[in-house]
Amino acid sequence: MTTPGPAGETMARAAERLRSAGMRVTVPRMAVLMAVSDSEGHLDADSLRGRARRITGRLSLQATYNVLRALTDAGLVRTTQIAGHPARYEIERHDNHHHFVCRACGSIRDVECAVGAAPCMEPGLPADYDTQEAAVTFWGLCPGCRAAAPLPG
């Protein structure tokens with residue numbers, strides 16, 4: 001099985017990534033992993049389901065959520081929960097990046113770690129706290145929405 005996705009992810013490569021993570025290889029897992037890998041990132045489960053169905057033919061939304069949860073637990077996929085938006089998914093790069101969300105169109109863009117070493121900011125907590133990750137969301141207008149916004153005045 002070497003059906004390539006748009007960005008070159010193949011079923012064989014997806015199967016190898018699943019095996020390397022200690023996961024059982026199934027067609028739904030390969031298809032969803034390929035869909036996440038081939039996307040520009042930040043897609044919701046329903047969008048990923050549509051992409052994965054091109055390979056599987058059938059895939060329920062609940063099965064998609066189950067696969068995404070398993071892939072996230074295995075460290076292959078990153079889930080981003082942003083208030084007011086459905087969960088979004090992207091390939092886990094283990095880089096602890098942050099996100100910018102456009103208030104007008106809802107687009108999400110990756111932002112490099114804000115300041116300092118991982119976990120990207122010092123929380124100022126007592127030493128007995130074990131901070132492992134920082135999740136920062138920047139809010140504003142993307143260039144397209146900013147250009148379309150009426151000038152104040």
# chains A, B, ... in the order shown; residues from 1 in each chain; ligands from 1
call {"tool": "residues_around", "arguments": {"residues": "Ser37 (chain A)", "least_positions_apart": "3", "cutoff": "12 Å", "atoms": "only C-alpha atoms", "output": "short mmCIF file (atom, residue, chain, number, x, y, z; two decimals) with N, CA, C and O atoms, in the first residue's frame"}}
result
data_model
loop_
_atom_site.label_atom_id
_atom_site.label_comp_id
_atom_site.auth_asym_id
_atom_site.auth_seq_id
_atom_site.Cartn_x
_atom_site.Cartn_y
_atom_site.Cartn_z
N PRO A 4 -0.06 7.73 -2.28
CA PRO A 4 0.47 8.97 -1.73
C PRO A 4 -0.62 9.98 -1.45
O PRO A 4 -1.61 10.05 -2.16
N GLY A 5 -0.43 10.75 -0.41
CA GLY A 5 -1.29 11.89 -0.14
C GLY A 5 -0.71 13.10 -0.85
O GLY A 5 0.35 13.03 -1.45
N PRO A 6 -1.39 14.24 -0.77
CA PRO A 6 -0.93 15.44 -1.47
C PRO A 6 0.49 15.86 -1.10
O PRO A 6 1.22 16.36 -1.92
N ALA A 7 0.89 15.66 0.13
CA ALA A 7 2.23 16.08 0.55
C ALA A 7 3.21 14.92 0.58
O ALA A 7 4.28 15.02 1.14
N GLY A 8 2.84 13.80 -0.02
CA GLY A 8 3.77 12.69 -0.13
C GLY A 8 3.68 11.66 0.98
O GLY A 8 4.43 10.71 0.98
N GLU A 9 2.82 11.86 1.96
CA GLU A 9 2.64 10.86 3.02
C GLU A 9 2.02 9.63 2.37
O GLU A 9 1.04 9.74 1.64
N THR A 10 2.59 8.48 2.59
CA THR A 10 2.05 7.26 2.00
C THR A 10 1.47 6.39 3.11
O THR A 10 1.78 6.56 4.29
N MET A 11 0.66 5.44 2.69
CA MET A 11 0.11 4.51 3.67
C MET A 11 1.23 3.72 4.33
O MET A 11 1.19 3.46 5.52
N ARG A 13 4.30 4.71 4.91
CA ARG A 13 4.95 5.60 5.88
C ARG A 13 4.06 5.78 7.11
O ARG A 13 4.55 5.76 8.24
N ALA A 14 2.77 5.95 6.90
CA ALA A 14 1.85 6.08 8.03
C ALA A 14 1.86 4.82 8.88
O ALA A 14 1.89 4.89 10.11
N ARG A 17 4.97 4.81 10.99
CA ARG A 17 4.87 5.76 12.10
C ARG A 17 3.99 5.19 13.22
O ARG A 17 4.31 5.36 14.40
N ARG A 29 -6.67 4.34 11.13
CA ARG A 29 -5.55 5.06 11.75
C ARG A 29 -4.59 5.60 10.69
O ARG A 29 -4.13 6.74 10.78
N MET A 30 -4.27 4.77 9.68
CA MET A 30 -3.39 5.24 8.62
C MET A 30 -4.03 6.41 7.87
O MET A 30 -3.37 7.41 7.59
N ALA A 31 -5.33 6.28 7.56
CA ALA A 31 -6.01 7.32 6.78
C ALA A 31 -6.08 8.64 7.54
O ALA A 31 -5.83 9.71 6.98
N VAL A 32 -6.40 8.58 8.83
CA VAL A 32 -6.49 9.82 9.61
C VAL A 32 -5.10 10.42 9.80
O VAL A 32 -4.92 11.64 9.68
N LEU A 33 -4.10 9.60 10.07
CA LEU A 33 -2.74 10.11 10.20
C LEU A 33 -2.28 10.76 8.91
O LEU A 33 -1.68 11.84 8.92
N MET A 34 -2.60 10.16 7.77
CA MET A 34 -2.26 10.76 6.48
C MET A 34 -2.99 12.09 6.30
O MET A 34 -2.41 13.06 5.82
N GLU A 40 -2.48 21.44 6.13
CA GLU A 40 -1.66 22.58 6.55
C GLU A 40 -1.75 22.74 8.07
O GLU A 40 -1.21 23.69 8.62
N GLY A 41 -2.44 21.82 8.74
CA GLY A 41 -2.58 21.89 10.19
C GLY A 41 -3.86 22.56 10.62
O GLY A 41 -4.56 23.20 9.83
N HIS A 42 -4.21 22.37 11.85
CA HIS A 42 -5.34 23.04 12.50
C HIS A 42 -6.70 22.72 11.90
O HIS A 42 -7.56 23.58 11.83
N LEU A 43 -6.90 21.49 11.47
CA LEU A 43 -8.21 21.08 10.97
C LEU A 43 -9.02 20.44 12.09
O LEU A 43 -8.47 19.84 13.00
N LEU A 48 -11.02 16.47 8.85
CA LEU A 48 -10.09 15.34 8.73
C LEU A 48 -10.82 14.08 8.31
O LEU A 48 -10.31 13.28 7.52
N ARG A 51 -11.26 14.04 4.57
CA ARG A 51 -10.01 13.70 3.88
C ARG A 51 -9.70 12.21 4.03
O ARG A 51 -9.28 11.56 3.08
N ALA A 52 -9.91 11.67 5.23
CA ALA A 52 -9.60 10.26 5.48
C ALA A 52 -10.55 9.34 4.71
O ALA A 52 -10.15 8.25 4.27
N LEU A 71 -4.17 8.71 18.42
CA LEU A 71 -2.98 9.31 17.82
C LEU A 71 -2.39 10.39 18.73
O LEU A 71 -1.18 10.54 18.83
N LEU A 76 1.60 11.32 18.30
CA LEU A 76 1.74 11.55 16.87
C LEU A 76 0.99 12.80 16.40
O LEU A 76 1.33 13.39 15.38
N VAL A 77 -0.04 13.17 17.13
CA VAL A 77 -0.90 14.29 16.77
C VAL A 77 -1.03 15.21 17.97
O VAL A 77 -1.07 14.76 19.11
N ARG A 78 -1.10 16.50 17.70
CA ARG A 78 -1.30 17.51 18.75
C ARG A 78 -2.72 18.03 18.65
O ARG A 78 -3.17 18.39 17.56
N TYR A 89 -6.50 19.81 15.09
CA TYR A 89 -5.46 18.79 15.12
C TYR A 89 -4.35 19.11 14.13
O TYR A 89 -4.60 19.62 13.05
N GLU A 90 -3.13 18.78 14.52
CA GLU A 90 -1.97 18.94 13.66
C GLU A 90 -0.94 17.88 14.06
O GLU A 90 -1.03 17.30 15.13
N ILE A 91 0.02 17.65 13.19
CA ILE A 91 1.08 16.69 13.50
C ILE A 91 1.87 17.22 14.69
O ILE A 91 2.19 18.41 14.74
N GLU A 92 2.18 16.34 15.60
CA GLU A 92 2.97 16.72 16.79
C GLU A 92 4.42 16.87 16.38
O GLU A 92 5.04 15.93 15.87
N ARG A 93 4.96 18.06 16.57
CA ARG A 93 6.36 18.33 16.24
C ARG A 93 7.21 18.48 17.49
O ARG A 93 8.40 18.74 17.41
#
call {"tool": "select_by_dssp", "arguments": {"residues": "region 37-74 of chain A", "states": "alpha helix (DSSP H)", "output": "list in words"}}
result
Ser37, Asp38, Ala45, Asp46, Ser47, Leu48, Arg49, Gly50, Arg51, Ala52, Arg53, Arg54, Ile55, Thr56, Leu61, Gln62, Ala63, Thr64, Tyr65, Asn66, Val67, Leu68, Arg69, Ala70, Leu71, Thr72 and Asp73 of chain A
call {"tool": "write_last_selection", "arguments": {"atoms": "N, CA and C atoms", "output": "PDB file, in the first residue's frame"}}
result
ATOM      1  N   SER A  37      -1.276  14.638   8.447  1.00  0.00           N
ATOM      2  CA  SER A  37       0.058  14.917   7.896  1.00  0.00           C
ATOM      3  C   SER A  37      -0.007  15.767   6.631  1.00  0.00           C
ATOM      4  N   ASP A  38      -0.984  15.489   5.791  1.00  0.00           N
ATOM      5  CA  ASP A  38      -1.088  16.162   4.504  1.00  0.00           C
ATOM      6  C   ASP A  38      -1.758  17.529   4.584  1.00  0.00           C
ATOM      7  N   ALA A  45     -12.095  17.728  13.435  1.00  0.00           N
ATOM      8  CA  ALA A  45     -12.299  16.294  13.197  1.00  0.00           C
ATOM      9  C   ALA A  45     -13.145  16.032  11.952  1.00  0.00           C
ATOM     10  N   ASP A  46     -14.164  16.848  11.713  1.00  0.00           N
ATOM     11  CA  ASP A  46     -15.026  16.615  10.559  1.00  0.00           C
ATOM     12  C   ASP A  46     -14.262  16.840   9.251  1.00  0.00           C
ATOM     13  N   SER A  47     -13.427  17.857   9.201  1.00  0.00           N
ATOM     14  CA  SER A  47     -12.609  18.095   8.002  1.00  0.00           C
ATOM     15  C   SER A  47     -11.635  16.947   7.773  1.00  0.00           C
ATOM     16  N   LEU A  48     -11.016  16.468   8.846  1.00  0.00           N
ATOM     17  CA  LEU A  48     -10.090  15.337   8.727  1.00  0.00           C
ATOM     18  C   LEU A  48     -10.824  14.078   8.306  1.00  0.00           C
ATOM     19  N   ARG A  49     -12.032  13.896   8.812  1.00  0.00           N
ATOM     20  CA  ARG A  49     -12.850  12.739   8.417  1.00  0.00           C
ATOM     21  C   ARG A  49     -13.094  12.747   6.912  1.00  0.00           C
ATOM     22  N   GLY A  50     -13.433  13.900   6.372  1.00  0.00           N
ATOM     23  CA  GLY A  50     -13.660  14.011   4.925  1.00  0.00           C
ATOM     24  C   GLY A  50     -12.435  13.615   4.130  1.00  0.00           C
ATOM     25  N   ARG A  51     -11.260  14.041   4.571  1.00  0.00           N
ATOM     26  CA  ARG A  51     -10.015  13.695   3.881  1.00  0.00           C
ATOM     27  C   ARG A  51      -9.703  12.207   4.026  1.00  0.00           C
ATOM     28  N   ALA A  52      -9.908  11.670   5.231  1.00  0.00           N
ATOM     29  CA  ALA A  52      -9.604  10.255   5.477  1.00  0.00           C
ATOM     30  C   ALA A  52     -10.553   9.342   4.706  1.00  0.00           C
ATOM     31  N   ARG A  53     -11.780   9.784   4.497  1.00  0.00           N
ATOM     32  CA  ARG A  53     -12.759   8.959   3.771  1.00  0.00           C
ATOM     33  C   ARG A  53     -12.362   8.741   2.320  1.00  0.00           C
ATOM     34  N   ARG A  54     -11.507   9.585   1.780  1.00  0.00           N
ATOM     35  CA  ARG A  54     -11.014   9.372   0.411  1.00  0.00           C
ATOM     36  C   ARG A  54     -10.219   8.067   0.332  1.00  0.00           C
ATOM     37  N   ILE A  55      -9.683   7.639   1.467  1.00  0.00           N
ATOM     38  CA  ILE A  55      -8.897   6.405   1.523  1.00  0.00           C
ATOM     39  C   ILE A  55      -9.760   5.246   2.016  1.00  0.00           C
ATOM     40  N   THR A  56     -10.518   5.483   3.084  1.00  0.00           N
ATOM     41  CA  THR A  56     -11.271   4.396   3.709  1.00  0.00           C
ATOM     42  C   THR A  56     -12.612   4.134   3.039  1.00  0.00           C
ATOM     43  N   LEU A  61     -17.865   9.844  12.202  1.00  0.00           N
ATOM     44  CA  LEU A  61     -17.255  10.935  12.958  1.00  0.00           C
ATOM     45  C   LEU A  61     -16.759  10.420  14.307  1.00  0.00           C
ATOM     46  N   GLN A  62     -17.524   9.520  14.945  1.00  0.00           N
ATOM     47  CA  GLN A  62     -17.085   8.964  16.230  1.00  0.00           C
ATOM     48  C   GLN A  62     -15.799   8.160  16.066  1.00  0.00           C
ATOM     49  N   ALA A  63     -15.690   7.387  14.997  1.00  0.00           N
ATOM     50  CA  ALA A  63     -14.454   6.629  14.745  1.00  0.00           C
ATOM     51  C   ALA A  63     -13.292   7.583  14.516  1.00  0.00           C
ATOM     52  N   THR A  64     -13.557   8.697  13.837  1.00  0.00           N
ATOM     53  CA  THR A  64     -12.515   9.697  13.606  1.00  0.00           C
ATOM     54  C   THR A  64     -12.026  10.264  14.929  1.00  0.00           C
ATOM     55  N   TYR A  65     -12.955  10.624  15.816  1.00  0.00           N
ATOM     56  CA  TYR A  65     -12.568  11.125  17.143  1.00  0.00           C
ATOM     57  C   TYR A  65     -11.775  10.071  17.923  1.00  0.00           C
ATOM     58  N   ASN A  66     -12.194   8.823  17.842  1.00  0.00           N
ATOM     59  CA  ASN A  66     -11.477   7.752  18.549  1.00  0.00           C
ATOM     60  C   ASN A  66     -10.043   7.620  18.028  1.00  0.00           C
ATOM     61  N   VAL A  67      -9.879   7.661  16.707  1.00  0.00           N
ATOM     62  CA  VAL A  67      -8.544   7.567  16.119  1.00  0.00           C
ATOM     63  C   VAL A  67      -7.711   8.779  16.515  1.00  0.00           C
ATOM     64  N   LEU A  68      -8.293   9.974  16.445  1.00  0.00           N
ATOM     65  CA  LEU A  68      -7.552  11.183  16.814  1.00  0.00           C
ATOM     66  C   LEU A  68      -7.111  11.142  18.270  1.00  0.00           C
ATOM     67  N   ARG A  69      -7.962  10.622  19.140  1.00  0.00           N
ATOM     68  CA  ARG A  69      -7.593  10.496  20.559  1.00  0.00           C
ATOM     69  C   ARG A  69      -6.420   9.526  20.714  1.00  0.00           C
ATOM     70  N   ALA A  70      -6.476   8.402  20.018  1.00  0.00           N
ATOM     71  CA  ALA A  70      -5.392   7.415  20.091  1.00  0.00           C
ATOM     72  C   ALA A  70      -4.088   7.991  19.531  1.00  0.00           C
ATOM     73  N   LEU A  71      -4.168   8.710  18.416  1.00  0.00           N
ATOM     74  CA  LEU A  71      -2.976   9.312  17.823  1.00  0.00           C
ATOM     75  C   LEU A  71      -2.395  10.395  18.728  1.00  0.00           C
ATOM     76  N   THR A  72      -3.267  11.143  19.395  1.00  0.00           N
ATOM     77  CA  THR A  72      -2.810  12.170  20.335  1.00  0.00           C
ATOM     78  C   THR A  72      -2.146  11.520  21.539  1.00  0.00           C
ATOM     79  N   ASP A  73      -2.781  10.490  22.081  1.00  0.00           N
ATOM     80  CA  ASP A  73      -2.209   9.780  23.236  1.00  0.00           C
ATOM     81  C   ASP A  73      -0.850   9.165  22.908  1.00  0.00           C
TER      82      ASP A  73
END
call {"tool": "atom_distance", "arguments": {"atom1": "CA of Pro86 (chain A)", "atom2": "CA of Phe100 (chain A)"}}
result
15.2 Å
call {"tool": "closest_residue", "arguments": {"among": "A:Arg109, A:Pro143, A:Thr131, A:Val27", "to": "Ala12 (chain A)", "atoms": "only C-alpha atoms"}}
result
A:Val27
call {"tool": "closest_residue", "arguments": {"among": "A:Gln81, A:Thr137, A:Ser39, A:Ser60", "to": "Val101 (chain A)", "atoms": "only C-alpha atoms"}}
result
A:Thr137
call {"tool": "closest_residue", "arguments": {"among": "A:Cys105, A:Ala74, A:His99, A:Phe138", "to": "Gly22 (chain A)", "atoms": "only C-alpha atoms"}}
result
A:Ala74
call {"tool": "residues_around", "arguments": {"residues": "Leu141 (chain A)", "least_positions_apart": "5", "cutoff": "7 Å", "atoms": "only C-alpha atoms", "output": "PyMOL selection string"}}
result
chain A and resi 102-104+146
call {"tool": "select_by_dssp", "arguments": {"residues": "region 14-148 of chain A", "states": "strand (DSSP E)", "output": "JSON, numbers by chain"}}
result
{"A": [77, 78, 79, 80, 88, 89, 90, 91, 98, 99, 100, 101, 102, 108, 109, 110, 111, 137, 138, 139, 140]}
call {"tool": "atom_distance", "arguments": {"atom1": "CA of Ser20 (chain A)", "atom2": "CA of Cys113 (chain A)"}}
result
27.5 Å
call {"tool": "atom_distance", "arguments": {"atom1": "CA of Thr79 (chain A)", "atom2": "CA of Met23 (chain A)"}}
result
18.2 Å
call {"tool": "decode", "arguments": {"residues": "region 36-53 of chain A", "atoms": "N, CA, C and O atoms", "output": "PDB file, in the first residue's frame"}}
result
ATOM      1  N   VAL A  36      -4.024  14.182   8.600  1.00  0.00           N
ATOM      2  CA  VAL A  36      -3.410  15.200   9.454  1.00  0.00           C
ATOM      3  C   VAL A  36      -2.062  15.607   8.868  1.00  0.00           C
ATOM      4  O   VAL A  36      -1.742  16.798   8.782  1.00  0.00           O
ATOM      5  N   SER A  37      -1.276  14.638   8.447  1.00  0.00           N
ATOM      6  CA  SER A  37       0.058  14.917   7.896  1.00  0.00           C
ATOM      7  C   SER A  37      -0.007  15.767   6.631  1.00  0.00           C
ATOM      8  O   SER A  37       0.833  16.637   6.414  1.00  0.00           O
ATOM      9  N   ASP A  38      -0.984  15.489   5.791  1.00  0.00           N
ATOM     10  CA  ASP A  38      -1.088  16.162   4.504  1.00  0.00           C
ATOM     11  C   ASP A  38      -1.758  17.529   4.584  1.00  0.00           C
ATOM     12  O   ASP A  38      -1.747  18.277   3.616  1.00  0.00           O
ATOM     13  N   SER A  39      -2.346  17.850   5.728  1.00  0.00           N
ATOM     14  CA  SER A  39      -3.031  19.138   5.863  1.00  0.00           C
ATOM     15  C   SER A  39      -2.032  20.226   6.221  1.00  0.00           C
ATOM     16  O   SER A  39      -0.902  19.958   6.605  1.00  0.00           O
ATOM     17  N   GLU A  40      -2.480  21.437   6.130  1.00  0.00           N
ATOM     18  CA  GLU A  40      -1.664  22.576   6.554  1.00  0.00           C
ATOM     19  C   GLU A  40      -1.745  22.740   8.068  1.00  0.00           C
ATOM     20  O   GLU A  40      -1.211  23.686   8.615  1.00  0.00           O
ATOM     21  N   GLY A  41      -2.445  21.825   8.737  1.00  0.00           N
ATOM     22  CA  GLY A  41      -2.578  21.888  10.190  1.00  0.00           C
ATOM     23  C   GLY A  41      -3.863  22.559  10.615  1.00  0.00           C
ATOM     24  O   GLY A  41      -4.555  23.195   9.832  1.00  0.00           O
ATOM     25  N   HIS A  42      -4.214  22.370  11.850  1.00  0.00           N
ATOM     26  CA  HIS A  42      -5.336  23.044  12.495  1.00  0.00           C
ATOM     27  C   HIS A  42      -6.703  22.719  11.898  1.00  0.00           C
ATOM     28  O   HIS A  42      -7.564  23.576  11.832  1.00  0.00           O
ATOM     29  N   LEU A  43      -6.905  21.486  11.473  1.00  0.00           N
ATOM     30  CA  LEU A  43      -8.212  21.078  10.968  1.00  0.00           C
ATOM     31  C   LEU A  43      -9.025  20.444  12.087  1.00  0.00           C
ATOM     32  O   LEU A  43      -8.475  19.838  13.004  1.00  0.00           O
ATOM     33  N   ASP A  44     -10.340  20.575  11.989  1.00  0.00           N
ATOM     34  CA  ASP A  44     -11.204  19.928  12.974  1.00  0.00           C
ATOM     35  C   ASP A  44     -11.459  18.483  12.555  1.00  0.00           C
ATOM     36  O   ASP A  44     -11.077  18.060  11.458  1.00  0.00           O
ATOM     37  N   ALA A  45     -12.095  17.728  13.435  1.00  0.00           N
ATOM     38  CA  ALA A  45     -12.299  16.294  13.197  1.00  0.00           C
ATOM     39  C   ALA A  45     -13.145  16.032  11.952  1.00  0.00           C
ATOM     40  O   ALA A  45     -12.861  15.098  11.197  1.00  0.00           O
ATOM     41  N   ASP A  46     -14.164  16.848  11.713  1.00  0.00           N
ATOM     42  CA  ASP A  46     -15.026  16.615  10.559  1.00  0.00           C
ATOM     43  C   ASP A  46     -14.262  16.840   9.251  1.00  0.00           C
ATOM     44  O   ASP A  46     -14.423  16.081   8.293  1.00  0.00           O
ATOM     45  N   SER A  47     -13.427  17.857   9.201  1.00  0.00           N
ATOM     46  CA  SER A  47     -12.609  18.095   8.002  1.00  0.00           C
ATOM     47  C   SER A  47     -11.635  16.947   7.773  1.00  0.00           C
ATOM     48  O   SER A  47     -11.448  16.496   6.636  1.00  0.00           O
ATOM     49  N   LEU A  48     -11.016  16.468   8.846  1.00  0.00           N
ATOM     50  CA  LEU A  48     -10.090  15.337   8.727  1.00  0.00           C
ATOM     51  C   LEU A  48     -10.824  14.078   8.306  1.00  0.00           C
ATOM     52  O   LEU A  48     -10.309  13.280   7.515  1.00  0.00           O
ATOM     53  N   ARG A  49     -12.032  13.896   8.812  1.00  0.00           N
ATOM     54  CA  ARG A  49     -12.850  12.739   8.417  1.00  0.00           C
ATOM     55  C   ARG A  49     -13.094  12.747   6.912  1.00  0.00           C
ATOM     56  O   ARG A  49     -12.955  11.717   6.238  1.00  0.00           O
ATOM     57  N   GLY A  50     -13.433  13.900   6.372  1.00  0.00           N
ATOM     58  CA  GLY A  50     -13.660  14.011   4.925  1.00  0.00           C
ATOM     59  C   GLY A  50     -12.435  13.615   4.130  1.00  0.00           C
ATOM     60  O   GLY A  50     -12.536  12.898   3.130  1.00  0.00           O
ATOM     61  N   ARG A  51     -11.260  14.041   4.571  1.00  0.00           N
ATOM     62  CA  ARG A  51     -10.015  13.695   3.881  1.00  0.00           C
ATOM     63  C   ARG A  51      -9.703  12.207   4.026  1.00  0.00           C
ATOM     64  O   ARG A  51      -9.276  11.562   3.076  1.00  0.00           O
ATOM     65  N   ALA A  52      -9.908  11.670   5.231  1.00  0.00           N
ATOM     66  CA  ALA A  52      -9.604  10.255   5.477  1.00  0.00           C
ATOM     67  C   ALA A  52     -10.553   9.342   4.706  1.00  0.00           C
ATOM     68  O   ALA A  52     -10.154   8.253   4.275  1.00  0.00           O
ATOM     69  N   ARG A  53     -11.780   9.784   4.497  1.00  0.00           N
ATOM     70  CA  ARG A  53     -12.759   8.959   3.771  1.00  0.00           C
ATOM     71  C   ARG A  53     -12.362   8.741   2.320  1.00  0.00           C
ATOM     72  O   ARG A  53     -12.820   7.789   1.689  1.00  0.00           O
TER      73      ARG A  53
END
